[in-house]
file work.cif (mmCIF, C-alpha atoms)
data_entry
loop_
_atom_site.label_atom_id
_atom_site.label_comp_id
_atom_site.auth_asym_id
_atom_site.auth_seq_id
_atom_site.Cartn_x
_atom_site.Cartn_y
_atom_site.Cartn_z
CA MET A 960 84.89 158.51 267.71
CA PRO A 961 81.71 156.33 267.78
CA THR A 962 80.02 155.69 264.49
CA ASN A 963 76.35 156.42 264.19
CA ASN A 964 74.58 153.57 262.39
CA MET A 965 71.34 155.54 262.07
CA PRO A 966 70.23 156.11 258.50
CA THR A 967 70.34 159.66 257.31
CA PHE A 968 67.47 161.30 255.47
CA ASN A 969 67.31 164.43 253.41
CA ILE A 970 65.19 166.88 255.32
CA LEU A 971 62.97 168.73 252.91
CA THR A 972 62.77 172.43 253.04
CA LEU A 973 59.33 173.96 252.94
CA GLN A 974 59.99 175.10 249.37
CA GLU A 975 61.04 171.59 248.30
CA LEU A 976 57.95 170.11 249.97
CA GLN A 977 55.72 172.68 248.29
CA ALA A 978 57.32 171.95 244.90
CA GLN A 979 56.79 168.20 245.33
CA ILE A 980 53.19 168.69 246.48
CA LEU A 981 52.57 170.97 243.50
CA ASP A 982 54.07 168.35 241.17
CA ILE A 983 51.80 165.64 242.62
CA CYS A 984 48.74 167.89 242.36
CA GLU A 985 49.57 168.69 238.73
CA ARG A 986 49.95 165.00 237.94
CA MET A 987 46.62 164.28 239.66
CA ASN A 988 44.99 166.99 237.53
CA LYS A 989 46.56 165.54 234.37
CA ASN A 990 45.30 162.10 235.41
CA ARG A 991 41.76 163.48 235.80
CA GLU A 992 41.98 165.26 232.45
CA SER A 993 43.32 162.15 230.74
CA PHE A 994 40.45 160.10 232.17
CA ALA A 995 37.90 162.69 231.05
CA ARG A 996 39.37 162.77 227.53
CA ALA A 997 39.48 158.98 227.29
CA ARG A 998 35.91 158.71 228.57
CA THR A 999 34.74 161.31 226.04
CA ASP A 1000 36.61 159.56 223.21
CA GLU A 1001 35.06 156.23 224.19
CA ASP A 1002 31.56 157.77 224.37
CA GLU A 1003 32.04 159.35 220.92
CA ARG A 1004 33.28 156.06 219.48
CA TYR A 1005 30.32 154.22 220.96
CA ILE A 1006 27.77 156.82 219.78
CA SER A 1007 29.25 156.83 216.28
CA LEU A 1008 29.19 153.05 216.11
CA THR A 1009 25.60 152.77 217.38
CA GLU A 1010 24.43 155.51 214.99
CA GLU A 1011 26.01 153.63 212.11
CA ILE A 1012 24.37 150.40 213.28
CA SER A 1013 21.03 152.18 213.74
CA LYS A 1014 21.23 153.54 210.19
CA SER A 1015 21.90 150.03 208.95
CA GLN A 1016 18.93 148.75 210.97
CA ALA A 1017 16.72 151.43 209.40
CA ILE A 1018 17.80 150.32 205.92
CA VAL A 1019 17.09 146.71 206.79
CA ALA A 1020 13.63 147.65 208.12
CA ALA A 1021 12.83 149.48 204.86
CA ASP A 1022 13.95 146.44 202.84
CA ARG A 1023 11.73 144.25 205.01
CA LYS A 1024 8.68 146.38 204.22
CA LYS A 1025 9.34 146.23 200.45
CA SER A 1026 9.96 142.49 200.55
CA LYS A 1027 6.94 141.62 202.69
CA ASP A 1028 4.67 141.12 199.66
CA ALA A 1029 7.36 139.41 197.64
CA TYR A 1030 8.93 136.31 199.02
CA LEU A 1031 9.01 134.79 202.47
CA LYS A 1032 12.63 133.98 201.81
CA ALA A 1033 13.49 137.67 201.44
CA ILE A 1034 11.69 138.49 204.71
CA GLU A 1035 13.68 135.77 206.50
CA ALA A 1036 16.95 137.22 205.17
CA CYS A 1037 16.01 140.65 206.50
CA ASN A 1038 15.11 139.20 209.90
CA GLN A 1039 18.49 137.50 210.01
CA ASP A 1040 20.22 140.78 209.08
CA ASP A 1041 18.28 142.54 211.85
CA LYS A 1042 19.32 139.92 214.41
CA PHE A 1043 22.93 140.21 213.30
CA LEU A 1044 22.89 144.00 213.69
CA ALA A 1045 21.09 143.79 217.06
CA ASN A 1046 23.75 141.36 218.28
CA LYS A 1047 26.45 143.65 216.93
CA LYS A 1048 24.86 146.57 218.79
CA ARG A 1049 24.64 144.50 221.99
CA ARG A 1050 28.29 143.52 221.63
CA ALA A 1051 29.17 147.19 221.05
CA TYR A 1052 27.29 148.08 224.24
CA ASN A 1053 29.04 145.34 226.21
CA ASP A 1054 32.42 146.46 224.86
CA HIS A 1055 31.56 150.04 225.80
CA ILE A 1056 30.62 149.06 229.37
CA ARG A 1057 33.81 147.02 229.77
CA GLU A 1058 35.96 149.87 228.41
CA MET A 1059 34.29 152.40 230.70
CA ALA A 1060 34.87 150.10 233.69
CA HIS A 1061 38.51 149.72 232.67
CA LEU A 1062 38.94 153.50 232.31
CA LYS A 1063 37.35 154.09 235.71
CA SER A 1064 39.52 151.39 237.29
CA GLU A 1065 42.70 152.88 235.79
CA HIS A 1066 41.71 156.34 236.94
CA ALA A 1067 40.99 155.11 240.48
CA ARG A 1068 44.24 153.11 240.61
CA ASN A 1069 46.31 156.07 239.41
CA ASN A 1070 44.57 158.35 241.88
CA VAL A 1071 45.28 155.95 244.79
CA LEU A 1072 48.94 155.72 243.78
CA LEU A 1073 49.24 159.50 243.68
CA GLU A 1074 47.45 159.88 247.03
CA ASN A 1075 49.76 157.25 248.56
CA GLU A 1076 52.77 159.12 247.21
CA ARG A 1077 51.48 162.35 248.72
CA ALA A 1078 50.77 160.65 252.09
CA LEU A 1079 54.29 159.18 252.15
CA LEU A 1080 55.73 162.60 251.41
CA PHE A 1081 53.79 164.13 254.33
CA SER A 1082 54.82 161.24 256.59
CA GLN A 1083 58.49 161.68 255.75
CA TYR A 1084 58.24 165.41 256.21
CA LYS A 1085 56.59 165.02 259.63
CA ALA A 1086 59.00 162.26 260.71
CA HIS A 1087 61.90 164.58 260.10
CA GLY A 1088 60.60 167.47 262.14
CA GLY A 1089 58.48 169.22 259.54
CA ASP A 1090 55.81 171.62 260.78
CA MET A 1091 52.51 169.88 259.92
CA GLU A 1092 50.47 173.00 260.80
CA ILE A 1093 51.98 174.73 257.77
CA ILE A 1094 51.09 171.68 255.64
CA LYS A 1095 47.52 171.62 257.00
CA SER A 1096 47.19 175.27 256.11
CA LEU A 1097 48.46 174.63 252.58
CA TYR A 1098 46.23 171.56 252.24
CA ASN A 1099 43.13 173.42 253.44
CA ASP A 1100 43.87 176.33 251.09
CA ASN A 1101 44.22 173.84 248.21
CA LYS A 1102 40.93 172.11 249.16
CA LYS A 1103 39.20 175.47 249.38
CA ASN A 1104 40.45 176.31 245.87
CA GLU A 1105 39.19 172.92 244.62
CA GLY A 1106 35.80 173.50 246.28
CA GLY A 1107 36.29 170.53 248.62
CA LYS A 1108 35.47 169.98 252.27
CA GLN A 1109 37.75 171.36 254.92
CA ASN A 1110 37.83 171.08 258.70
CA GLY A 1111 34.64 168.96 258.83
CA GLU A 1112 32.56 171.40 256.75
CA GLN A 1113 29.66 169.99 254.74
CA GLN A 1114 29.11 171.05 251.17
#

call {"tool": "encode", "arguments": {"input": "work.cif", "output": "structure tokens"}}
result
Amino acid sequence: MPTNNMPTFNILTLQELQAQILDICERMNKNRESFARARTDEDERYISLTEEISKSQAIVAADRKKSKDAYLKAIEACNQDDKFLANKKRRAYNDHIREMAHLKSEHARNNVLLENERALLFSQYKAHGGDMEIIKSLYNDNKKNEGGKQNGEQQ
């Protein structure tokens, strides 16, 4: 009896394929939600920090006005405090921009990985005789539910 050296693959049933697609879609949704939460948290942290710095700047400005008639030395100290806080605010802004870029990059990377996983799943399904018309129908129904484009339609 000749031996077949061809690799064997598990052929997915339609139900197994649907379950895996659903799992990927749920993970993509969780990824989007995680990104939105992280972005909101970062915005709140940044706003809180800049409000605190702005309050400090307002206090320093009031001190400057009181000290203006007093001593030039006191005015110089206030100007130095103001510069320090402005630099701190600029650093906070730069940190915020870097963190937002990092969050966006992570979100995009995770999304690409999930899309690649989904594409590989479809490829394996098709390579093993799966009916892609059923998949296209499921995909179009999912896109319609997400409000996305389907079959070349423009939004």

call {"tool": "closest_residue", "arguments": {"input": "work.cif", "among": "A:Asp1022, A:Glu1065, A:Glu1011, A:Asp982", "to": "A:Ala997", "atoms": "all atoms listed in the file"}}
result
A:Glu1065

call {"tool": "atom_distance", "arguments": {"input": "work.cif", "atom1": "atom CA of A:Leu973", "atom2": "atom CA of A:Leu1079"}}
result
15.6 Å

call {"tool": "atom_distance", "arguments": {"input": "work.cif", "atom1": "atom CA of A:Leu981", "atom2": "atom CA of A:Thr999"}}
result
26.8 Å

call {"tool": "closest_residue", "arguments": {"input": "work.cif", "among": "A:His1055, A:Arg1023, A:His1066, A:Arg1050", "to": "A:Arg996", "atoms": "all atoms listed in the file"}}
result
A:His1066

call {"tool": "resolve_selection", "arguments": {"input": "work.cif", "expression": "the PyMOL selection byres ((chain A and resi 971) around 12)", "output": "list of chain:residue names"}}
result
A:Phe968, A:Asn969, A:Ile970, A:Thr972, A:Leu973, A:Gln974, A:Glu975, A:Leu976, A:Gln977, A:Ala978, A:Gln979, A:Ile980, A:Leu1080, A:Phe1081, A:Ser1082, A:Gln1083, A:Tyr1084, A:Lys1085, A:Ala1086, A:His1087, A:Gly1088, A:Gly1089, A:Asp1090

call {"tool": "closest_residue", "arguments": {"input": "work.cif", "among": "A:Asp1040, A:Glu1058, A:Glu992, A:Glu1003", "to": "A:Ser1015", "atoms": "only C-alpha atoms"}}
result
A:Asp1040

call {"tool": "resolve_selection", "arguments": {"input": "work.cif", "expression": "the PyMOL selection byres ((chain A and resi 1038) around 12)", "output": "PyMOL selection string"}}
result
chain A and resi 1016+1019-1024+1026-1027+1031-1037+1039-1045

call {"tool": "atom_distance", "arguments": {"input": "work.cif", "atom1": "atom CA of A:Ile1056", "atom2": "atom CA of A:Lys1014"}}
result
21.8 Å

call {"tool": "closest_residue", "arguments": {"input": "work.cif", "among": "A:Asn1104, A:Ser1007, A:Ser1064, A:Ser993", "to": "A:Ala1051", "atoms": "only C-alpha atoms"}}
result
A:Ser1007

call {"tool": "residues_near_point", "arguments": {"input": "work.cif", "point": "(27.9, 146.7, 218.6)", "cutoff": "7 Å", "atoms": "all atoms listed in the file", "output": "ChimeraX atom specification"}}
result
/A:1008-1009,1046-1052

call {"tool": "closest_residue", "arguments": {"input": "work.cif", "among": "A:Ile1006, A:Cys984, A:Ala995, A:Ala1029", "to": "A:Leu1062", "atoms": "all atoms listed in the file"}}
result
A:Ala995
